[in-house]
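K.L.:
Mind having a look at this structure? Questions to follow.
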Amino acid sequence: MDTQIVVFAIGHSARETFSMLHERGISMEQKPFAIGVRMEHRQNMIDTAQYGELQGILPAADYKLTYQAENGRSAFSFCMCPGGFVVNASSEPQALVVNGMSNYKRDEENANSALVVNVVPEDFGSNDVLAGVEFQRKWERLSYQIGNGKIPTQLWKDFQNKNKSTEYGEITPCQKGANCFGNLWDCLPDFVCETLQLCIPYFGKKIPGYDREDSILSGVETRTSSPIRILRNEEFEGNIRGLYPCGEGAGYAGGITSAAMDGLRVYEAIIKKYNKHNCS
């Protein structure tokens, strides 16, 4: 079908589409993103820390945490899921990636959140525009290997000492997908693990119990945002006229809300262009 307009709102994991666009000469560039783990705590602990005496009365609490390390890396919580699940969200054979979700009632026992560290193009090891995708794949494949296809989990106390866990404490996983114990240092870059070692005790000062020894880490979380940016001009078009890269997958948003806002900007740009043509 022929058309004058194509809006590429393709999502941050459309790897086959990234490759196709690159092969067809669409201008793209590498882009920073973040990778790390999912971290689980009891939801009632988060509620108590956030609400105090109102715990149990107000809805399940969430949180947002940020940390700037002396090593130049930043760490932050992302996509926090109150009363939810850690999910095996793998999308390729022999690779494993985790995500999080909450049902409408947010009434499961655990809270979970991505806890991630920034990565930059210099970490990718290549100037190829799709090197960030391969960087993600590397750690996802290692995660699959150390868990033999299951979600690898590790207690915080064992993560600190680089030891594979052998049993859970008072917190047990609330997960969609089989899990097993594994050493997450084997499926994440050292600088990510080292930054997590620094930020989690700091977050424990913000939310009491966040750094309790039996908190559960699961790996790997690599899909926080797109590893590429599809270049566009001031009229929001790519290097081919009529092609409009849009949202998170195009590299112009970092979440649901900002992706929706970028969609509005692209929509307005298209309307402005065609209203101008109709007036002339």
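By convention here, the chains of the structure tokens are called A, B, ... in the order presented, each chain's residues are numbered starting at 1, and ligands are numbered starting at 1 in the order presented.
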I'd like to know which residues of range 164-204 of chain A are strand (DSSP E) (by DSSP, run on the backbone); could you write them as a ChimeraX atom specification?

P.N.:
/A:175-176,179-181

K.L.:
Would you mind listing what lies within 12 Å of Gln43 in chain A as a VMD selection string, with only C-alpha atoms counted and same-chain residues fewer than 3 positions away left out?

P.N.:
chain A and resid 39 to 40 46 to 51 55 to 56 59 to 63 80 to 85 102 106 to 113 171 to 172 174 209 to 210 215

K.L.:
Would you output that residue set with C-alpha atoms, as a PDB file, in the first residue's frame?

P.N.:
```pdb
ATOM      1  CA  MET A  39      14.274  -5.901  43.337  1.00  0.00           C
ATOM      2  CA  GLU A  40      11.521  -7.353  45.537  1.00  0.00           C
ATOM      3  CA  ILE A  46       7.003  -0.294  51.616  1.00  0.00           C
ATOM      4  CA  ASP A  47       3.558   0.804  52.841  1.00  0.00           C
ATOM      5  CA  THR A  48       4.844   1.314  56.396  1.00  0.00           C
ATOM      6  CA  ALA A  49       7.871   3.269  55.197  1.00  0.00           C
ATOM      7  CA  GLN A  50       5.765   5.523  52.965  1.00  0.00           C
ATOM      8  CA  TYR A  51       2.562   5.882  55.017  1.00  0.00           C
ATOM      9  CA  GLN A  55      -0.404   1.683  56.324  1.00  0.00           C
ATOM     10  CA  GLY A  56      -3.265  -0.698  55.547  1.00  0.00           C
ATOM     11  CA  PRO A  59      -3.665   1.979  48.584  1.00  0.00           C
ATOM     12  CA  ALA A  60      -0.445   0.051  48.004  1.00  0.00           C
ATOM     13  CA  ALA A  61       2.454   2.518  48.082  1.00  0.00           C
ATOM     14  CA  ASP A  62       5.038   3.083  45.396  1.00  0.00           C
ATOM     15  CA  TYR A  63       8.401   4.871  45.414  1.00  0.00           C
ATOM     16  CA  MET A  80       7.795   0.331  40.177  1.00  0.00           C
ATOM     17  CA  CYS A  81       5.023  -2.269  40.582  1.00  0.00           C
ATOM     18  CA  PRO A  82       3.145  -2.114  43.915  1.00  0.00           C
ATOM     19  CA  GLY A  83       1.708  -5.462  45.004  1.00  0.00           C
ATOM     20  CA  GLY A  84       2.817  -7.046  41.765  1.00  0.00           C
ATOM     21  CA  PHE A  85       4.911  -9.641  39.987  1.00  0.00           C
ATOM     22  CA  SER A 102       0.728  -5.224  38.879  1.00  0.00           C
ATOM     23  CA  ARG A 106      -2.204  -4.364  43.503  1.00  0.00           C
ATOM     24  CA  ASP A 107      -2.744  -6.869  46.269  1.00  0.00           C
ATOM     25  CA  GLU A 108       0.111  -9.368  45.867  1.00  0.00           C
ATOM     26  CA  GLU A 109       2.540  -9.785  48.752  1.00  0.00           C
ATOM     27  CA  ASN A 110       5.575  -8.166  47.144  1.00  0.00           C
ATOM     28  CA  ALA A 111       6.468  -4.811  45.681  1.00  0.00           C
ATOM     29  CA  ASN A 112       9.034  -4.830  42.910  1.00  0.00           C
ATOM     30  CA  SER A 113      10.881  -2.269  40.872  1.00  0.00           C
ATOM     31  CA  ILE A 171      10.718 -12.658  51.506  1.00  0.00           C
ATOM     32  CA  THR A 172       9.876 -15.187  48.807  1.00  0.00           C
ATOM     33  CA  CYS A 174       6.313 -13.228  43.613  1.00  0.00           C
ATOM     34  CA  GLY A 209      14.363  -2.088  55.229  1.00  0.00           C
ATOM     35  CA  TYR A 210      15.101  -1.528  51.558  1.00  0.00           C
ATOM     36  CA  SER A 215      15.592  -8.665  49.683  1.00  0.00           C
TER      37      SER A 215
END
```

K.L.:
Could you tell me how far CA of Ala89 in chain A lies from CA of Lys176 in chain A, in Å and to one decimal?

P.N.:
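We find that CA of Ala89 in chain A and CA of Lys176 in chain A lie 9.1 Å from each other.
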
K.L.:
Out of A:Arg229, A:Asn179, A:Leu188, A:Gly125, which residue has the shortest atom-to-atom distance to Gly254 in chain A when counting only C-alpha atoms?

P.N.:
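Nearest to Gly254 in chain A: A:Arg229.
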
K.L.:
Which residue out of A:Met101, A:Leu264, A:Ile216, A:Val133 has the minimum interatomic distance to Trp156 in chain A when only C-alpha atoms are used?

P.N.:
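Among the listed residues, the smallest separation from Trp156 in chain A belongs to A:Ile216.
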
K.L.:
Pick out the residues sitting within 12 Å of Arg241 in chain A, and hand them over as a VMD selection string; count only C-alpha atoms, and ignore anything fewer than 5 positions along from it in its own chain.

P.N.:
chain A and resid 3 to 7 26 232 to 233 235 to 236 270 273

K.L.:
Suppose you want the space between CA of Gly219 in chain A and CA of Val37 in chain A; what is it in Å?

P.N.:
4.8 Å
